[in-house]
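Data block below; observations after.
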Amino acid sequence: QVQLAESGGGLVQPGGSLRLSCAASGFTLDYYAIGWFRQAPGKEREGVSCFSSTDGSTDYADSVKGRFTASRDNAKNTAYLQMNNLKPEDTAVYFCARHIAAYCSGSYFSKYEYDIWGQGTQVTVSS
(Lines give C-alpha, C1' and ligand atoms only; values in the text may rest on other atoms or scores of the structure.)
Protein backbone atom coordinates (compact mmCIF):
# COMPACT_ATOMS: atom_id res chain seq x y z
CA GLN A 1 0.00 0.00 0.00
CA VAL A 2 1.36 3.39 -1.02
CA GLN A 3 1.39 5.71 1.95
CA LEU A 4 3.24 8.32 3.98
CA ALA A 5 3.34 8.52 7.76
CA GLU A 6 4.51 11.58 9.70
CA SER A 7 5.85 11.55 13.23
CA GLY A 8 7.86 13.74 15.55
CA GLY A 9 5.38 16.46 16.37
CA GLY A 10 4.79 17.73 19.88
CA LEU A 11 4.78 20.66 22.23
CA VAL A 12 7.86 22.88 22.25
CA GLN A 13 8.70 26.28 23.71
CA PRO A 14 9.42 29.27 21.46
CA GLY A 15 12.98 29.11 20.22
CA GLY A 16 13.02 25.33 20.48
CA SER A 17 13.50 22.67 17.82
CA LEU A 18 11.72 19.63 16.47
CA ARG A 19 12.47 17.15 13.72
CA LEU A 20 9.57 15.70 11.82
CA SER A 21 9.85 12.41 9.98
CA CYS A 22 7.91 11.21 6.95
CA ALA A 23 8.20 7.47 6.37
CA ALA A 24 7.24 6.22 2.93
CA SER A 25 5.94 2.74 2.18
CA GLY A 26 4.86 1.07 -1.04
CA PHE A 27 7.09 3.24 -3.21
CA THR A 28 10.65 4.52 -3.43
CA LEU A 29 10.92 7.99 -1.94
CA ASP A 30 13.95 8.89 -4.05
CA TYR A 31 11.90 8.86 -7.25
CA TYR A 32 9.75 11.78 -6.15
CA ALA A 33 9.99 15.30 -4.83
CA ILE A 34 8.54 15.56 -1.33
CA GLY A 35 6.68 18.52 0.02
CA TRP A 36 5.91 19.60 3.56
CA PHE A 37 2.75 21.56 4.28
CA ARG A 38 1.06 22.86 7.38
CA GLN A 39 -2.42 23.88 8.37
CA ALA A 40 -3.27 26.03 11.36
CA PRO A 41 -6.79 26.13 12.81
CA GLY A 42 -9.08 28.20 10.64
CA LYS A 43 -6.45 28.71 7.95
CA GLU A 44 -5.72 27.29 4.53
CA ARG A 45 -3.10 24.59 4.13
CA GLU A 46 0.17 26.24 3.13
CA GLY A 47 3.37 24.95 1.62
CA VAL A 48 6.48 24.89 3.78
CA SER A 49 9.12 23.20 1.62
CA CYS A 50 9.62 21.13 -1.50
CA PHE A 51 12.65 18.84 -1.81
CA SER A 52 13.58 17.84 -5.35
CA SER A 53 14.83 14.33 -5.91
CA THR A 54 16.73 15.24 -9.09
CA ASP A 55 19.36 17.46 -7.50
CA GLY A 56 18.52 17.63 -3.81
CA SER A 57 17.58 21.30 -4.02
CA THR A 58 14.89 22.61 -1.72
CA ASP A 59 12.45 25.47 -1.98
CA TYR A 60 11.12 27.03 1.20
CA ALA A 61 8.31 29.36 2.12
CA ASP A 62 9.63 32.79 3.10
CA SER A 63 8.20 32.36 6.59
CA VAL A 64 10.52 29.43 7.36
CA LYS A 65 13.68 30.23 5.38
CA GLY A 66 16.77 30.04 7.53
CA ARG A 67 14.94 28.11 10.26
CA PHE A 68 13.67 24.92 8.60
CA THR A 69 15.71 22.36 6.68
CA ALA A 70 14.30 19.52 4.60
CA SER A 71 16.30 16.37 3.98
CA ARG A 72 15.88 12.68 3.29
CA ASP A 73 17.55 9.35 4.00
CA ASN A 74 17.00 7.14 0.98
CA ALA A 75 18.25 4.05 2.80
CA LYS A 76 15.44 4.49 5.31
CA ASN A 77 12.96 5.70 2.68
CA THR A 78 12.24 8.61 4.99
CA ALA A 79 12.10 12.39 4.60
CA TYR A 80 12.71 14.86 7.41
CA LEU A 81 11.92 18.43 8.31
CA GLN A 82 14.27 19.96 10.87
CA MET A 83 12.61 22.96 12.49
CA ASN A 84 14.72 25.36 14.54
CA ASN A 85 13.95 28.61 16.32
CA LEU A 86 10.28 27.74 16.39
CA LYS A 87 7.73 30.49 16.83
CA PRO A 88 4.14 30.40 18.08
CA GLU A 89 2.97 31.11 14.54
CA ASP A 90 4.51 27.80 13.45
CA THR A 91 1.81 25.99 15.40
CA ALA A 92 -0.10 23.79 12.98
CA VAL A 93 -0.68 20.25 11.79
CA TYR A 94 2.22 19.35 9.50
CA PHE A 95 1.81 17.07 6.50
CA CYS A 96 4.25 15.52 4.09
CA ALA A 97 3.15 14.77 0.54
CA ARG A 98 4.46 13.05 -2.55
CA HIS A 99 4.89 15.32 -5.56
CA ILE A 100 3.75 13.96 -8.93
CA ALA A 101 7.26 14.54 -10.32
CA ALA A 102 10.85 14.09 -9.19
CA TYR A 103 11.48 17.84 -9.14
CA CYS A 104 9.65 20.78 -7.64
CA SER A 105 7.94 22.57 -10.50
CA GLY A 106 7.08 26.24 -10.59
CA SER A 107 3.84 25.68 -8.70
CA TYR A 108 5.43 23.42 -6.11
CA PHE A 109 3.20 24.64 -3.30
CA SER A 110 0.00 23.87 -5.16
CA LYS A 111 -1.78 20.95 -3.48
CA TYR A 112 -2.77 19.71 -6.95
CA GLU A 113 0.89 18.85 -7.62
CA TYR A 114 0.77 16.14 -4.92
CA ASP A 115 -0.95 12.78 -5.03
CA ILE A 116 -0.17 11.05 -1.72
CA TRP A 117 -0.57 12.72 1.69
CA GLY A 118 0.25 11.64 5.20
CA GLN A 119 -2.18 11.91 8.08
CA GLY A 120 -0.37 14.84 9.70
CA THR A 121 1.39 15.48 12.99
CA GLN A 122 0.60 18.28 15.42
CA VAL A 123 3.24 20.86 16.26
CA THR A 124 2.45 23.29 19.06
CA VAL A 125 4.81 26.12 19.95
CA SER A 126 3.89 27.68 23.26
CA SER A 127 5.42 28.74 26.53
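By order in the C-alpha coordinates, chains are A, B, ...; within a chain, residues start at 1; ligands start at 1, following the order shown.
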Next on the checklist: Applying 8 Å and only C-alpha atoms, which residues near region 1-18 of chain A remain after dropping the ones on its own chain fewer than 6 positions away? List them as a list in words.
Outcome noted: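 Surrounding residues, per the criterion: Ala24, Ser25, Gly26, Phe27, Gln82, Met83, Asn84, Asn85, Leu86, Lys87, Pro88, Phe95, Cys96, Ala97, Ile116, Trp117, Gly118, Gln119, Gly120, Thr121, Gln122, Val123, Thr124, Val125, Ser126 and Ser127 of chain A.
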Just-selected residues, N, CA, C and O atoms written as a tab-separated table (two decimals), in the first residue's frame:
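As written to disk, again.tsv reads:
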chain	number	residue	atom	x	y	z
A	24	ALA	N	7.97	6.66	4.12
A	24	ALA	CA	7.24	6.22	2.93
A	24	ALA	C	7.18	4.70	2.87
A	24	ALA	O	8.15	4.02	3.24
A	25	SER	N	6.08	4.19	2.40
A	25	SER	CA	5.94	2.74	2.18
A	25	SER	C	5.18	2.51	0.88
A	25	SER	O	4.34	3.31	0.48
A	26	GLY	N	5.52	1.42	0.22
A	26	GLY	CA	4.86	1.07	-1.04
A	26	GLY	C	5.44	1.75	-2.26
A	26	GLY	O	4.98	1.50	-3.38
A	27	PHE	N	6.42	2.61	-2.08
A	27	PHE	CA	7.09	3.24	-3.21
A	27	PHE	C	8.46	3.72	-2.76
A	27	PHE	O	8.74	3.80	-1.57
A	82	GLN	N	13.66	19.43	9.65
A	82	GLN	CA	14.27	19.96	10.87
A	82	GLN	C	13.78	21.38	11.07
A	82	GLN	O	13.95	22.23	10.17
A	83	MET	N	13.18	21.65	12.21
A	83	MET	CA	12.61	22.96	12.49
A	83	MET	C	13.31	23.56	13.70
A	83	MET	O	13.24	23.00	14.80
A	84	ASN	N	13.99	24.67	13.48
A	84	ASN	CA	14.72	25.36	14.54
A	84	ASN	C	14.11	26.73	14.80
A	84	ASN	O	13.39	27.27	13.96
A	85	ASN	N	14.43	27.28	15.94
A	85	ASN	CA	13.95	28.61	16.32
A	85	ASN	C	12.44	28.73	16.08
A	85	ASN	O	11.97	29.68	15.45
A	86	LEU	N	11.72	27.78	16.61
A	86	LEU	CA	10.28	27.74	16.39
A	86	LEU	C	9.57	28.91	17.04
A	86	LEU	O	9.98	29.39	18.12
A	87	LYS	N	8.52	29.36	16.38
A	87	LYS	CA	7.73	30.49	16.83
A	87	LYS	C	6.28	30.06	17.04
A	87	LYS	O	5.84	29.07	16.43
A	88	PRO	N	5.54	30.77	17.87
A	88	PRO	CA	4.14	30.40	18.08
A	88	PRO	C	3.35	30.31	16.77
A	88	PRO	O	2.45	29.47	16.66
A	95	PHE	N	2.02	18.19	7.41
A	95	PHE	CA	1.81	17.07	6.50
A	95	PHE	C	2.99	16.95	5.54
A	95	PHE	O	3.52	17.95	5.08
A	96	CYS	N	3.35	15.72	5.21
A	96	CYS	CA	4.25	15.52	4.09
A	96	CYS	C	3.40	14.96	2.94
A	96	CYS	O	2.33	14.37	3.15
A	97	ALA	N	3.90	15.18	1.72
A	97	ALA	CA	3.15	14.77	0.54
A	97	ALA	C	4.10	14.40	-0.58
A	97	ALA	O	5.18	15.00	-0.71
A	116	ILE	N	-0.10	11.86	-2.95
A	116	ILE	CA	-0.17	11.05	-1.72
A	116	ILE	C	0.13	11.96	-0.53
A	116	ILE	O	1.12	12.70	-0.55
A	117	TRP	N	-0.72	11.88	0.50
A	117	TRP	CA	-0.57	12.72	1.69
A	117	TRP	C	-0.52	11.85	2.94
A	117	TRP	O	-1.21	10.82	3.02
A	118	GLY	N	0.28	12.28	3.90
A	118	GLY	CA	0.25	11.64	5.20
A	118	GLY	C	-0.92	12.12	6.02
A	118	GLY	O	-1.69	13.00	5.59
A	119	GLN	N	-1.04	11.57	7.22
A	119	GLN	CA	-2.18	11.91	8.08
A	119	GLN	C	-1.94	13.17	8.90
A	119	GLN	O	-2.89	13.72	9.47
A	120	GLY	N	-0.70	13.62	8.97
A	120	GLY	CA	-0.37	14.84	9.70
A	120	GLY	C	0.12	14.58	11.11
A	120	GLY	O	-0.21	13.57	11.73
A	121	THR	N	0.91	15.53	11.61
A	121	THR	CA	1.39	15.48	12.99
A	121	THR	C	1.31	16.88	13.57
A	121	THR	O	1.66	17.86	12.91
A	122	GLN	N	0.83	16.98	14.79
A	122	GLN	CA	0.60	18.28	15.42
A	122	GLN	C	1.89	18.85	15.99
A	122	GLN	O	2.61	18.16	16.71
A	123	VAL	N	2.13	20.11	15.67
A	123	VAL	CA	3.24	20.86	16.26
A	123	VAL	C	2.64	22.06	16.99
A	123	VAL	O	1.91	22.86	16.38
A	124	THR	N	2.95	22.18	18.26
A	124	THR	CA	2.45	23.29	19.06
A	124	THR	C	3.64	24.01	19.68
A	124	THR	O	4.45	23.39	20.37
A	125	VAL	N	3.72	25.30	19.41
A	125	VAL	CA	4.81	26.12	19.95
A	125	VAL	C	4.20	27.09	20.96
A	125	VAL	O	3.45	28.00	20.58
A	126	SER	N	4.51	26.88	22.21
A	126	SER	CA	3.89	27.68	23.26
A	126	SER	C	4.75	27.62	24.52
A	126	SER	O	5.39	26.61	24.80
A	127	SER	N	4.72	28.72	25.25
A	127	SER	CA	5.42	28.74	26.53
A	127	SER	C	4.47	28.39	27.67
A	127	SER	O	4.88	28.34	28.84
Checklist entry - So which residues of chain A fall under strand (DSSP E) by DSSP, listed as a PyMOL selection string? => result chain A and resi 3-7+10-12+18-25+34-39+46-51+58-60+68-73+78-83+92-99+114-117+121-125
Checklist entry - What does the distance from CA of Tyr32 (chain A) to CA of Asp62 (chain A) come to in Å, to one decimal? => result 23.0 Å
Next on the checklist: As an exercise, work out the distance from CA of Ser63 (chain A) to CA of Ser107 (chain A) in Å and give it to one decimal place.
Outcome noted: 17.2 Å
Item to check | Who sits within 7 Å of region 112-114 of chain A, only C-alpha atoms, same chain under 3 positions skipped, as JSON, numbers by chain | outcome: {"A": [97, 98, 99, 100, 108]}
Mind writing the picked residues with N, CA and C atoms as an mmCIF file, in the first residue's frame?
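What ended up in out.cif:
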data_model
loop_
_atom_site.group_PDB
_atom_site.id
_atom_site.type_symbol
_atom_site.label_atom_id
_atom_site.label_comp_id
_atom_site.auth_asym_id
_atom_site.auth_seq_id
_atom_site.Cartn_x
_atom_site.Cartn_y
_atom_site.Cartn_z
ATOM 1 N N ALA A 97 3.905 15.176 1.716
ATOM 2 C CA ALA A 97 3.148 14.768 0.542
ATOM 3 C C ALA A 97 4.101 14.404 -0.585
ATOM 4 N N ARG A 98 3.666 13.474 -1.407
ATOM 5 C CA ARG A 98 4.460 13.046 -2.555
ATOM 6 C C ARG A 98 4.100 13.878 -3.774
ATOM 7 N N HIS A 99 5.107 14.540 -4.340
ATOM 8 C CA HIS A 99 4.889 15.316 -5.558
ATOM 9 C C HIS A 99 4.693 14.355 -6.730
ATOM 10 N N ILE A 100 3.997 14.812 -7.771
ATOM 11 C CA ILE A 100 3.755 13.956 -8.931
ATOM 12 C C ILE A 100 4.986 13.820 -9.807
ATOM 13 N N TYR A 108 5.134 24.536 -7.020
ATOM 14 C CA TYR A 108 5.427 23.425 -6.113
ATOM 15 C C TYR A 108 4.667 23.483 -4.807
#
